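**Student:** entry_38.txt (compact mmCIF, C-alpha atoms) pasted underneath:
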# COMPACT_ATOMS: atom_id res chain seq x y z
CA MET A 1 -32.42 52.34 -11.04
CA ARG A 2 -32.49 50.56 -7.66
CA ASP A 3 -35.64 49.54 -5.91
CA PRO A 4 -35.46 49.54 -2.11
CA ARG A 5 -38.01 46.71 -1.94
CA ARG A 6 -35.47 44.47 -3.61
CA GLU A 7 -32.85 44.94 -0.92
CA PRO A 8 -32.14 41.98 1.36
CA SER A 9 -33.68 42.33 4.78
CA GLY A 10 -30.32 42.27 6.56
CA ASP A 11 -27.84 45.09 6.70
CA ARG A 12 -25.11 43.33 4.76
CA PRO A 13 -25.27 41.58 1.39
CA ALA A 14 -25.05 37.81 1.36
CA PRO A 15 -21.63 36.26 0.65
CA ASN A 16 -20.98 35.01 -2.89
CA ALA A 17 -21.26 31.37 -1.93
CA VAL A 18 -24.66 31.95 -0.29
CA VAL A 19 -26.01 33.62 -3.42
CA GLY A 20 -24.70 30.76 -5.55
CA ARG A 21 -26.52 28.29 -3.32
CA VAL A 22 -29.73 30.35 -3.48
CA SER A 23 -29.67 29.90 -7.28
CA LEU A 24 -29.35 26.16 -6.74
CA TYR A 25 -32.18 26.15 -4.17
CA LEU A 26 -34.37 28.01 -6.63
CA ARG A 27 -33.73 25.49 -9.42
CA GLN A 28 -34.37 22.57 -7.05
CA LEU A 29 -37.61 24.16 -5.80
CA GLU A 30 -38.75 24.67 -9.40
CA SER A 31 -37.99 21.00 -10.02
CA PHE A 32 -40.05 20.00 -6.93
CA GLN A 33 -42.86 22.30 -8.06
CA SER A 34 -42.93 20.71 -11.53
CA GLN A 35 -43.41 17.35 -9.75
CA GLY A 36 -46.49 18.73 -7.97
CA ILE A 37 -44.84 18.96 -4.54
CA LEU A 38 -46.25 21.82 -2.42
CA THR A 39 -44.04 21.98 0.68
CA VAL A 40 -40.48 20.95 1.52
CA SER A 41 -38.34 20.83 4.65
CA SER A 42 -34.82 22.25 4.86
CA SER A 43 -33.45 18.72 5.14
CA GLN A 44 -35.34 17.56 2.02
CA LEU A 45 -34.17 20.59 0.07
CA GLY A 46 -30.63 20.11 1.35
CA ALA A 47 -30.62 16.36 0.67
CA ALA A 48 -31.41 16.96 -3.00
CA LEU A 49 -28.29 19.15 -3.23
CA ALA A 50 -26.04 17.40 -0.68
CA ILE A 51 -26.05 20.45 1.59
CA ASN A 52 -26.76 19.95 5.28
CA ASP A 53 -30.06 21.28 6.64
CA ALA A 54 -28.39 23.74 9.04
CA GLN A 55 -26.61 25.34 6.07
CA VAL A 56 -29.89 25.58 4.11
CA ARG A 57 -31.64 27.28 7.04
CA LYS A 58 -28.68 29.61 7.65
CA ASP A 59 -28.51 30.58 3.95
CA LEU A 60 -32.23 31.36 3.73
CA ALA A 61 -32.20 33.19 7.08
CA PHE A 62 -29.93 35.75 5.41
CA PHE A 63 -32.96 36.99 3.52
CA GLY A 64 -35.81 36.57 5.98
CA GLN A 65 -38.08 34.04 7.66
CA PHE A 66 -39.67 31.67 5.16
CA GLY A 67 -40.50 28.40 6.98
CA TYR A 68 -43.64 27.42 8.89
CA PRO A 69 -43.43 25.22 12.02
CA GLY A 70 -44.66 21.70 11.24
CA ILE A 71 -44.97 22.49 7.49
CA GLY A 72 -41.55 23.52 6.28
CA TYR A 73 -41.30 25.85 3.29
CA ARG A 74 -44.26 26.52 1.01
CA ILE A 75 -42.63 25.96 -2.37
CA ASP A 76 -44.53 28.54 -4.45
CA GLU A 77 -43.98 31.19 -1.77
CA LEU A 78 -40.26 30.42 -1.45
CA ILE A 79 -39.78 30.43 -5.24
CA THR A 80 -41.39 33.89 -5.47
CA ALA A 81 -39.25 35.15 -2.59
CA LEU A 82 -35.97 33.80 -4.00
CA GLN A 83 -36.74 35.18 -7.46
CA ARG A 84 -37.32 38.57 -5.88
CA ILE A 85 -34.10 38.30 -3.83
CA LEU A 86 -32.04 37.38 -6.89
CA GLY A 87 -33.76 40.11 -8.86
CA ILE A 88 -35.10 37.77 -11.53
CA ASP A 89 -38.73 38.68 -10.91
CA ARG A 90 -38.24 41.30 -13.62
CA GLU A 91 -36.56 41.79 -17.00
CA TRP A 92 -32.87 42.71 -17.11
CA PRO A 93 -31.84 44.43 -20.34
CA LEU A 94 -28.23 43.56 -21.17
CA ALA A 95 -25.56 45.14 -23.37
CA LEU A 96 -23.28 42.70 -25.20
CA ILE A 97 -19.79 44.01 -25.97
CA GLY A 98 -17.74 42.08 -28.52
CA LEU A 99 -19.32 40.32 -31.49
CA GLY A 100 -16.59 37.74 -32.03
CA ASN A 101 -17.35 34.03 -31.99
CA LEU A 102 -18.12 33.98 -28.29
CA GLY A 103 -20.29 37.11 -28.41
CA ARG A 104 -22.30 35.77 -31.33
CA ALA A 105 -22.74 32.44 -29.53
CA LEU A 106 -23.92 34.22 -26.37
CA LEU A 107 -26.36 36.27 -28.42
CA LYS A 108 -28.07 33.03 -29.44
CA TYR A 109 -27.88 31.46 -25.97
CA ARG A 110 -31.44 30.66 -24.88
CA GLY A 111 -30.71 30.13 -21.19
CA PHE A 112 -30.52 33.87 -20.44
CA ARG A 113 -33.94 34.83 -21.70
CA ASN A 114 -35.65 32.10 -19.66
CA ARG A 115 -34.42 33.82 -16.49
CA GLY A 116 -35.37 37.37 -17.51
CA PHE A 117 -32.06 38.42 -19.07
CA ARG A 118 -32.37 39.93 -22.52
CA ILE A 119 -29.62 41.32 -24.73
CA VAL A 120 -30.95 44.62 -26.11
CA ALA A 121 -27.83 46.39 -27.41
CA LEU A 122 -24.68 45.27 -29.25
CA PHE A 123 -21.30 47.01 -29.31
CA ASP A 124 -17.98 46.35 -31.00
CA SER A 125 -14.86 48.36 -31.72
CA ASP A 126 -14.33 46.79 -35.16
CA PRO A 127 -15.41 49.26 -37.94
CA HIS A 128 -16.30 46.25 -40.11
CA LYS A 129 -18.82 45.05 -37.53
CA ILE A 130 -20.32 48.44 -36.56
CA GLY A 131 -23.53 48.93 -38.50
CA SER A 132 -24.05 45.26 -39.29
CA ASP A 133 -27.03 43.32 -37.92
CA PHE A 134 -27.12 40.30 -35.62
CA GLU A 135 -30.39 38.78 -34.41
CA GLY A 136 -32.27 41.87 -35.48
CA MET A 137 -30.00 44.37 -33.72
CA THR A 138 -27.45 46.75 -35.19
CA VAL A 139 -23.92 46.74 -33.80
CA ARG A 140 -22.98 50.18 -32.44
CA SER A 141 -19.71 51.92 -31.82
CA LEU A 142 -18.40 51.99 -28.25
CA ASP A 143 -18.60 55.80 -28.54
CA THR A 144 -22.36 55.54 -28.08
CA LEU A 145 -22.11 53.34 -24.98
CA ALA A 146 -23.04 55.94 -22.34
CA GLU A 147 -25.96 57.23 -24.38
CA VAL A 148 -27.47 53.79 -25.09
CA ILE A 149 -26.98 52.53 -21.52
CA VAL A 150 -29.02 55.45 -20.17
CA GLN A 151 -31.65 55.35 -22.94
CA GLN A 152 -32.32 51.65 -22.60
CA ASN A 153 -31.94 51.55 -18.80
CA ILE A 154 -29.17 48.93 -19.03
CA SER A 155 -27.39 48.01 -15.80
CA LEU A 156 -25.54 44.83 -16.84
CA ALA A 157 -23.03 44.18 -19.61
CA VAL A 158 -21.78 40.89 -21.04
CA LEU A 159 -18.12 41.36 -21.92
CA SER A 160 -16.86 39.01 -24.64
CA VAL A 161 -13.85 40.89 -26.01
CA PRO A 162 -10.24 39.66 -26.32
CA ALA A 163 -8.16 39.73 -23.13
CA GLU A 164 -6.01 42.62 -24.35
CA ALA A 165 -9.06 44.87 -24.88
CA ALA A 166 -11.01 43.87 -21.76
CA GLN A 167 -9.70 46.43 -19.25
CA HIS A 168 -10.07 49.33 -21.65
CA VAL A 169 -13.67 48.39 -22.47
CA ALA A 170 -14.40 47.81 -18.77
CA ASP A 171 -13.18 51.36 -18.09
CA GLN A 172 -15.58 52.66 -20.77
CA LEU A 173 -18.45 50.65 -19.27
CA VAL A 174 -17.73 52.03 -15.81
CA ALA A 175 -17.60 55.57 -17.18
CA SER A 176 -20.96 54.92 -18.87
CA GLY A 177 -22.61 54.03 -15.55
CA ILE A 178 -22.83 50.24 -15.83
CA LEU A 179 -23.48 48.46 -12.51
CA GLY A 180 -22.36 44.94 -13.32
CA ILE A 181 -20.06 43.14 -15.80
CA PHE A 182 -20.36 39.46 -16.74
CA ASN A 183 -16.78 38.87 -17.79
CA PHE A 184 -15.87 36.18 -20.31
CA ALA A 185 -12.44 37.66 -21.02
CA PRO A 186 -9.82 35.43 -19.41
CA MET A 187 -8.34 38.10 -17.17
CA PRO A 188 -9.30 39.88 -13.94
CA LEU A 189 -10.70 43.40 -14.36
CA ILE A 190 -10.02 46.36 -12.12
CA VAL A 191 -13.17 48.39 -11.45
CA PRO A 192 -14.46 50.66 -8.66
CA ALA A 193 -16.09 48.94 -5.68
CA SER A 194 -19.48 50.23 -6.84
CA VAL A 195 -19.34 48.02 -9.94
CA SER A 196 -19.88 44.26 -9.62
CA ILE A 197 -18.07 41.65 -11.67
CA VAL A 198 -18.74 37.98 -12.16
CA ALA A 199 -16.07 36.15 -14.13
CA VAL A 200 -17.01 32.96 -15.90
CA ASP A 201 -14.77 29.98 -15.27
CA LEU A 202 -15.91 27.03 -17.34
CA SER A 203 -13.10 24.84 -16.02
CA VAL A 204 -14.93 24.29 -12.70
CA GLN A 205 -17.71 22.47 -14.52
CA LEU A 206 -15.26 20.52 -16.65
CA GLU A 207 -13.48 19.36 -13.47
CA HIS A 208 -16.82 18.17 -12.23
CA LEU A 209 -17.32 16.13 -15.39
CA ALA A 210 -13.81 14.66 -15.11
CA TYR A 211 -14.54 13.58 -11.54
CA LYS A 212 -17.84 12.02 -12.53
CA THR A 213 -16.37 9.94 -15.33
CA GLN A 214 -13.75 8.60 -12.92
CA THR A 215 -16.43 7.40 -10.55
CA THR A 216 -18.54 6.23 -13.56
CA ARG A 217 -21.71 6.86 -11.68
CA GLY A 218 -23.07 8.61 -14.72
CA GLY A 219 -26.37 10.40 -14.68
CA ILE A 220 -27.28 13.92 -15.64
CA SER A 221 -26.19 16.96 -13.70
CA PHE A 222 -26.90 20.64 -14.11
CA VAL A 223 -24.32 22.85 -12.51
CA GLY A 224 -23.94 26.60 -12.68
CA MET B 1 -8.75 3.90 -19.43
CA ARG B 2 -9.56 4.12 -15.68
CA ASP B 3 -6.93 4.10 -12.99
CA PRO B 4 -8.00 2.45 -9.73
CA ARG B 5 -5.68 4.75 -7.74
CA ARG B 6 -7.89 7.66 -8.76
CA GLU B 7 -11.00 6.21 -7.19
CA PRO B 8 -12.32 7.97 -4.09
CA SER B 9 -11.54 6.15 -0.87
CA GLY B 10 -15.21 5.65 0.03
CA ASP B 11 -17.58 3.17 -1.54
CA ARG B 12 -19.87 5.76 -3.10
CA PRO B 13 -19.02 8.74 -5.28
CA ALA B 14 -19.38 12.19 -3.75
CA PRO B 15 -22.61 14.08 -4.48
CA ASN B 16 -22.51 16.73 -7.21
CA ALA B 17 -22.61 19.60 -4.75
CA VAL B 18 -19.65 18.21 -2.79
CA VAL B 19 -17.55 17.94 -5.96
CA GLY B 20 -18.48 21.50 -6.91
CA ARG B 21 -17.31 22.70 -3.50
CA VAL B 22 -14.07 20.72 -3.79
CA SER B 23 -13.29 22.73 -6.96
CA LEU B 24 -13.89 25.91 -4.96
CA TYR B 25 -11.72 24.66 -2.06
CA LEU B 26 -8.95 23.90 -4.53
CA ARG B 27 -9.06 27.40 -6.06
CA GLN B 28 -9.09 28.99 -2.59
CA LEU B 29 -6.15 26.84 -1.46
CA GLU B 30 -4.20 27.84 -4.58
CA SER B 31 -4.96 31.46 -3.73
CA PHE B 32 -3.69 30.94 -0.14
CA GLN B 33 -0.60 29.17 -1.50
CA SER B 34 0.18 32.06 -3.85
CA GLN B 35 0.11 34.33 -0.77
CA GLY B 36 2.77 32.16 0.88
CA ILE B 37 0.40 30.58 3.43
CA LEU B 38 1.42 27.02 4.40
CA THR B 39 -1.43 25.70 6.57
CA VAL B 40 -5.12 26.48 6.96
CA SER B 41 -7.93 25.38 9.29
CA SER B 42 -11.35 24.21 8.09
CA SER B 43 -12.88 27.36 9.54
CA GLN B 44 -10.41 29.63 7.70
CA LEU B 45 -10.98 27.78 4.43
CA GLY B 46 -14.74 27.87 5.00
CA ALA B 47 -14.76 31.54 5.99
CA ALA B 48 -13.14 32.51 2.68
CA LEU B 49 -16.03 30.83 0.86
CA ALA B 50 -18.87 31.46 3.34
CA ILE B 51 -19.24 27.74 4.05
CA ASN B 52 -19.39 26.57 7.66
CA ASP B 53 -16.42 24.61 9.00
CA ALA B 54 -18.46 21.46 9.71
CA GLN B 55 -19.46 21.37 6.03
CA VAL B 56 -15.83 21.80 4.94
CA ARG B 57 -14.70 18.93 7.16
CA LYS B 58 -17.60 16.73 6.04
CA ASP B 59 -16.92 17.43 2.35
CA LEU B 60 -13.21 16.61 2.65
CA ALA B 61 -13.92 13.52 4.80
CA PHE B 62 -15.64 12.06 1.75
CA PHE B 63 -12.21 11.57 0.23
CA GLY B 64 -9.99 10.74 3.20
CA GLN B 65 -8.26 12.17 6.26
CA PHE B 66 -6.27 15.29 5.40
CA GLY B 67 -6.02 17.43 8.56
CA TYR B 68 -3.43 17.31 11.34
CA PRO B 69 -4.42 17.97 14.99
CA GLY B 70 -3.23 21.40 16.07
CA ILE B 71 -2.04 22.29 12.53
CA GLY B 72 -5.07 22.07 10.26
CA TYR B 73 -4.51 21.25 6.60
CA ARG B 74 -1.08 21.44 4.97
CA ILE B 75 -1.94 23.46 1.89
CA ASP B 76 0.49 21.89 -0.61
CA GLU B 77 -0.54 18.41 0.49
CA LEU B 78 -4.26 19.18 0.29
CA ILE B 79 -3.89 20.80 -3.16
CA THR B 80 -2.13 17.69 -4.47
CA ALA B 81 -4.79 15.45 -2.95
CA LEU B 82 -7.72 17.46 -4.33
CA GLN B 83 -6.14 17.63 -7.79
CA ARG B 84 -5.78 13.86 -7.72
CA ILE B 85 -9.40 13.42 -6.51
CA LEU B 86 -10.76 15.67 -9.26
CA GLY B 87 -8.52 13.92 -11.78
CA ILE B 88 -6.73 17.10 -12.83
CA ASP B 89 -3.29 15.80 -11.87
CA ARG B 90 -3.03 14.62 -15.48
CA GLU B 91 -3.90 15.74 -19.02
CA TRP B 92 -7.42 15.16 -20.32
CA PRO B 93 -7.62 15.04 -24.12
CA LEU B 94 -11.00 16.39 -25.28
CA ALA B 95 -13.01 16.06 -28.46
CA LEU B 96 -14.92 19.17 -29.54
CA ILE B 97 -18.08 18.51 -31.53
CA GLY B 98 -19.60 21.45 -33.40
CA LEU B 99 -17.46 24.23 -34.91
CA GLY B 100 -20.12 26.92 -34.89
CA ASN B 101 -19.56 30.23 -33.10
CA LEU B 102 -19.64 28.65 -29.66
CA GLY B 103 -17.36 25.77 -30.62
CA ARG B 104 -14.81 28.11 -32.17
CA ALA B 105 -14.93 30.32 -29.06
CA LEU B 106 -14.42 27.30 -26.79
CA LEU B 107 -11.48 26.19 -28.91
CA LYS B 108 -9.73 29.46 -28.03
CA TYR B 109 -10.79 29.40 -24.37
CA ARG B 110 -7.64 29.45 -22.24
CA GLY B 111 -9.21 28.37 -18.97
CA PHE B 112 -9.37 24.70 -19.98
CA ARG B 113 -5.71 24.19 -20.75
CA ASN B 114 -4.63 25.67 -17.40
CA ARG B 115 -6.45 22.83 -15.65
CA GLY B 116 -5.12 20.02 -17.84
CA PHE B 117 -7.97 19.92 -20.37
CA ARG B 118 -6.81 20.00 -23.98
CA ILE B 119 -8.93 19.86 -27.12
CA VAL B 120 -7.17 17.39 -29.44
CA ALA B 121 -9.84 16.52 -32.02
CA LEU B 122 -12.53 18.50 -33.85
CA PHE B 123 -15.72 17.15 -35.40
CA ASP B 124 -18.60 18.63 -37.35
CA SER B 125 -21.38 17.32 -39.56
CA ASP B 126 -21.17 20.23 -42.02
CA PRO B 127 -19.40 19.12 -45.26
CA HIS B 128 -18.17 22.72 -45.68
CA LYS B 129 -16.36 22.56 -42.34
CA ILE B 130 -14.97 19.02 -42.59
CA GLY B 131 -11.37 19.22 -43.80
CA SER B 132 -10.87 22.85 -42.80
CA ASP B 133 -8.36 23.82 -40.11
CA PHE B 134 -8.94 25.58 -36.78
CA GLU B 135 -6.11 26.25 -34.33
CA GLY B 136 -3.88 23.81 -36.20
CA MET B 137 -6.38 20.93 -36.19
CA THR B 138 -8.40 19.56 -39.08
CA VAL B 139 -12.16 19.17 -38.63
CA ARG B 140 -13.21 15.53 -39.13
CA SER B 141 -16.45 13.88 -40.07
CA LEU B 142 -18.54 12.37 -37.29
CA ASP B 143 -18.13 9.05 -39.11
CA THR B 144 -14.57 8.87 -37.74
CA LEU B 145 -15.63 9.55 -34.13
CA ALA B 146 -15.21 6.01 -32.74
CA GLU B 147 -11.85 5.55 -34.44
CA VAL B 148 -10.38 8.88 -33.22
CA ILE B 149 -11.72 8.51 -29.69
CA VAL B 150 -9.91 5.19 -29.29
CA GLN B 151 -6.73 6.30 -31.10
CA GLN B 152 -6.33 9.47 -29.05
CA ASN B 153 -7.55 7.95 -25.78
CA ILE B 154 -10.31 10.58 -25.48
CA SER B 155 -12.83 10.13 -22.67
CA LEU B 156 -14.52 13.55 -22.61
CA ALA B 157 -16.37 15.47 -25.33
CA VAL B 158 -17.41 19.12 -25.45
CA LEU B 159 -20.76 19.27 -27.24
CA SER B 160 -21.48 22.62 -28.91
CA VAL B 161 -24.00 21.67 -31.57
CA PRO B 162 -27.49 23.12 -32.13
CA ALA B 163 -30.23 21.81 -29.84
CA GLU B 164 -31.92 19.85 -32.62
CA ALA B 165 -28.72 17.88 -33.37
CA ALA B 166 -27.58 17.34 -29.78
CA GLN B 167 -29.31 14.04 -28.96
CA HIS B 168 -28.27 12.42 -32.23
CA VAL B 169 -24.62 13.42 -31.73
CA ALA B 170 -24.77 12.32 -28.09
CA ASP B 171 -25.94 8.89 -29.28
CA GLN B 172 -22.96 8.73 -31.64
CA LEU B 173 -20.60 9.75 -28.82
CA VAL B 174 -22.02 7.07 -26.54
CA ALA B 175 -21.68 4.45 -29.29
CA SER B 176 -18.06 5.57 -29.73
CA GLY B 177 -17.25 4.86 -26.08
CA ILE B 178 -17.14 8.38 -24.66
CA LEU B 179 -17.34 8.54 -20.83
CA GLY B 180 -18.40 12.15 -20.30
CA ILE B 181 -20.17 14.94 -22.20
CA PHE B 182 -19.83 18.66 -21.39
CA ASN B 183 -23.12 19.82 -22.86
CA PHE B 184 -23.55 23.39 -24.11
CA ALA B 185 -26.66 22.54 -26.14
CA PRO B 186 -29.68 24.02 -24.35
CA MET B 187 -31.50 20.73 -23.87
CA PRO B 188 -31.21 17.70 -21.60
CA LEU B 189 -29.60 14.61 -23.16
CA ILE B 190 -30.63 11.02 -22.62
CA VAL B 191 -27.61 8.74 -22.18
CA PRO B 192 -26.89 5.43 -20.42
CA ALA B 193 -26.07 5.61 -16.70
CA SER B 194 -22.44 4.74 -17.51
CA VAL B 195 -21.97 8.09 -19.32
CA SER B 196 -21.69 11.31 -17.30
CA ILE B 197 -23.11 14.64 -18.38
CA VAL B 198 -22.51 18.13 -17.09
CA ALA B 199 -24.76 20.75 -18.63
CA VAL B 200 -23.57 24.34 -18.63
CA ASP B 201 -26.06 26.87 -17.32
CA LEU B 202 -24.63 30.37 -17.64
CA SER B 203 -27.77 31.92 -16.17
CA VAL B 204 -26.76 30.89 -12.62
CA GLN B 205 -23.74 33.17 -12.83
CA LEU B 206 -25.76 35.96 -14.40
CA GLU B 207 -28.27 35.72 -11.54
CA HIS B 208 -25.34 36.12 -9.18
CA LEU B 209 -24.30 39.29 -10.97
CA ALA B 210 -27.85 40.66 -10.89
CA TYR B 211 -27.99 40.07 -7.14
CA LYS B 212 -24.64 41.74 -6.59
CA THR B 213 -25.60 44.89 -8.48
CA GLN B 214 -28.75 45.18 -6.39
CA THR B 215 -26.75 45.12 -3.20
CA THR B 216 -24.13 47.40 -4.84
CA ARG B 217 -21.42 45.83 -2.77
CA GLY B 218 -19.31 45.53 -5.87
CA GLY B 219 -15.97 43.79 -5.88
CA ILE B 220 -14.63 40.99 -8.00
CA SER B 221 -15.93 37.46 -7.83
CA PHE B 222 -14.91 34.29 -9.59
CA VAL B 223 -17.64 31.71 -9.70
CA GLY B 224 -17.76 28.41 -11.53
Translate this file's structure into structure tokens.
**Tutor:**
Amino acid sequence: MRDPRREPSGDRPAPNAVVGRVSLYLRQLESFQSQGILTVSSSQLGAALAINDAQVRKDLAFFGQFGYPGIGYRIDELITALQRILGIDREWPLALIGLGNLGRALLKYRGFRNRGFRIVALFDSDPHKIGSDFEGMTVRSLDTLAEVIVQQNISLAVLSVPAEAAQHVADQLVASGILGIFNFAPMPLIVPASVSIVAVDLSVQLEHLAYKTQTTRGGISFVG
Amino acid sequence: MRDPRREPSGDRPAPNAVVGRVSLYLRQLESFQSQGILTVSSSQLGAALAINDAQVRKDLAFFGQFGYPGIGYRIDELITALQRILGIDREWPLALIGLGNLGRALLKYRGFRNRGFRIVALFDSDPHKIGSDFEGMTVRSLDTLAEVIVQQNISLAVLSVPAEAAQHVADQLVASGILGIFNFAPMPLIVPASVSIVAVDLSVQLEHLAYKTQTTRGGISFVG
């Protein structure tokens, strides 16, 4: 399921914060590209995100050498490289576990598909939901998890179950061979080191909004 | 509705990226505090988040002088200061617009309340939803928006309406005197410069998860 060409060039994986910034660099580069800009310097890229140029260069150096002396970064080339590094140069089939309000909202969320993430299998523990259809897919029992994950080559799961069920379902996902869990349940999960977890915390963005209204600068901001 | 003591010390508001990092610093400091740690240096704080120490010092310098020579930062003092800067040293009453699946999920989301954000008023345009109760609150018509926003001293709105309705509702929110919109609708909104917007993009976090599974480092990560 892993492709050695997708590994970062260094021996160790990049720290969380570096990966988060790479996503921001990618979005900013796409914005530059849509404006017809062809090349950018580390200080220009950093200035657009209020990150100093040394940090930009250090972050990108984690993954290889991308800049050209006297030119800077070629935007199309750097976009392709960062997409490959993040793994979004391909489709990621996702399993969605938990068809409550949040799960059903996530199923309709358009932002995932734009970046190559596609929900291809639905699971719930509720007998009233198993067998029913959402967005053209049939909800399956968690008993079929392992089978479906292998069949559909799924490596990531979106977990939108109540807090009290989250650890139990996470255990089932781990046993089924999942590699990563996108956790919306408001509690930390305990999983083996071989399984990755990203927990969503919407309050960070809301803090950002609170700060902005206090400074009444206004304007539009997209944060992750 | 604004308190001059909450203004940042500088003349200009901090860039988006700086504010995002301040939220991360705050969470890391709270984590240190829960471990019984009393003081921290900029390099220790940075190391925990893979941000270089010069960047940490520069970010914090936006808001004032917090460190002590030979000691570093006093954690309790810096937490209090950052909470005040972000505006989360007080309660923020929120209006929630749109009681579809996402809206109902957000209404139950526990992460907001922990940080002082509390949904106090619900609105929808659907006549079948107006008058019905969710979590002990009655859904109101958008016609009452201006009145309720003033009465309940609401400055922030969570917008979870379909894309095609988002701009129209945003216009109504602006006309009602809202200061900030937390936008879950998958489209950019056009608002006056005096109104702040933060748009939620869940795909950034999912990219992070995809990267992590490729490097199979595993482990637990909380990202905003």
**Student:** Excluding A:Ala105 and its own-chain neighbours fewer than 5 positions away, which residues fall within 10 Å of it when counting all atoms listed in the file? Please give them as a list of chain:residue names.
**Tutor:** A:Leu99, A:Gly100, B:Gly100, B:Asn101, B:Leu102, B:Gly103, B:Arg104, B:Ala105, B:Ser160
**Student:** Rank A:Ala50, A:Ala193, A:Ala157, A:Ile85 by their smallest atom-to-atom distance to A:Ser23, using only C-alpha atoms, and report the top residue only.
**Tutor:**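 Under the stated criterion, the closest residue is A:Ile85.
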**Student:** If we count only C-alpha atoms, what is near stretch 53-62 of chain B at a cut-off of 10 Å, once residues fewer than 2 positions away on the same chain are taken out, given as a ChimeraX atom specification?
**Tutor:** /A:50-52,54-55 /B:8-15,17-19,21-22,25,41-47,49-51,64-67,78,82
**Student:** Between atom CA of A:Ile181 and atom CA of A:Ile197, what distance in Å does the model show, to one decimal?
**Tutor:**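 Answer for the atom CA of A:Ile181 to atom CA of A:Ile197 separation: 4.8 Å.
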**Student:** Smallest atom-to-atom distance to chain B: which of A:Gly72, A:Pro162, A:Gly20, A:Gly98, using only C-alpha atoms?
**Tutor:** A:Gly20
**Student:** Between atom CA of B:Trp92 and atom CA of B:Phe117, what is the spacing in Å?
**Tutor:**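 Atom-to-atom, atom CA of B:Phe117 to atom CA of B:Trp92, that is 4.8 Å.
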**Student:** What does the distance from atom CA of A:Gln35 to atom CA of A:Arg74 come to in Å, to one decimal?
**Tutor:**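 These atoms are spaced 14.2 Å apart.
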**Student:** With all atoms listed in the file as the counted atoms, please give the residues lying no more than 12 Å from B:Val195, apart from itself and same-chain residues fewer than 4 positions off, as a ChimeraX atom specification.
**Tutor:** /A:209-210,212-221 /B:155-157,170-171,173-182,189-191
**Student:** Extract, using all atoms listed in the file, all DNA, RNA and protein residues at most 9 Å from B:Leu122, discarding same-chain residues fewer than 3 positions from it, and format them as a PyMOL selection string.
**Tutor:** chain B and resi 94-99+119+134+137-141
**Student:** Looking at all atoms listed in the file, which of B:Tyr73, B:Tyr68, B:Phe63, B:Tyr211 is the one that sits closest to A:Ile88?
**Tutor:**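 Nearest candidate to A:Ile88 out of B:Tyr73, B:Tyr68, B:Phe63, B:Tyr211: B:Tyr211.
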**Student:** So, with all atoms listed in the file as the atoms that count, which of A:Leu145, A:Leu86, A:Val169, A:Ala121 lies closest to chain B?
**Tutor:**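 Answer, going by the shortest atom-to-atom distance: A:Leu86.
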**Student:** Please write as a list in words the list of polymer residues whose atoms come within 12 Å of (-5.7, 19.8, -20.3), counting only C-alpha atoms and keeping to the coordinates of the file.
**Tutor:** Ser203, Leu206, Glu207 and Ala210 of chain A; Gly87, Ile88, Asp89, Arg90, Glu91, Trp92, Pro93, Leu94, Ala95, Tyr109, Arg110, Gly111, Phe112, Arg113, Asn114, Arg115, Gly116, Phe117, Arg118, Ile119, Val120, Ile154 and Leu156 of chain B
**Student:** Identify the residues within 10 Å of coordinate (-6.7, 25.6, -3.5) (same frame as the file), considering only C-alpha atoms, and give the answer as a PyMOL selection string.
**Tutor:** chain B and resi 22-34+45+75-76+78-80+82-83
**Student:** Using all atoms listed in the file, can you tell me which of A:Pro188, A:Pro127, A:Pro69, A:Gly36 comes closest to A:Gln167?
**Tutor:**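 Closest to A:Gln167 of all the choices is A:Pro188.
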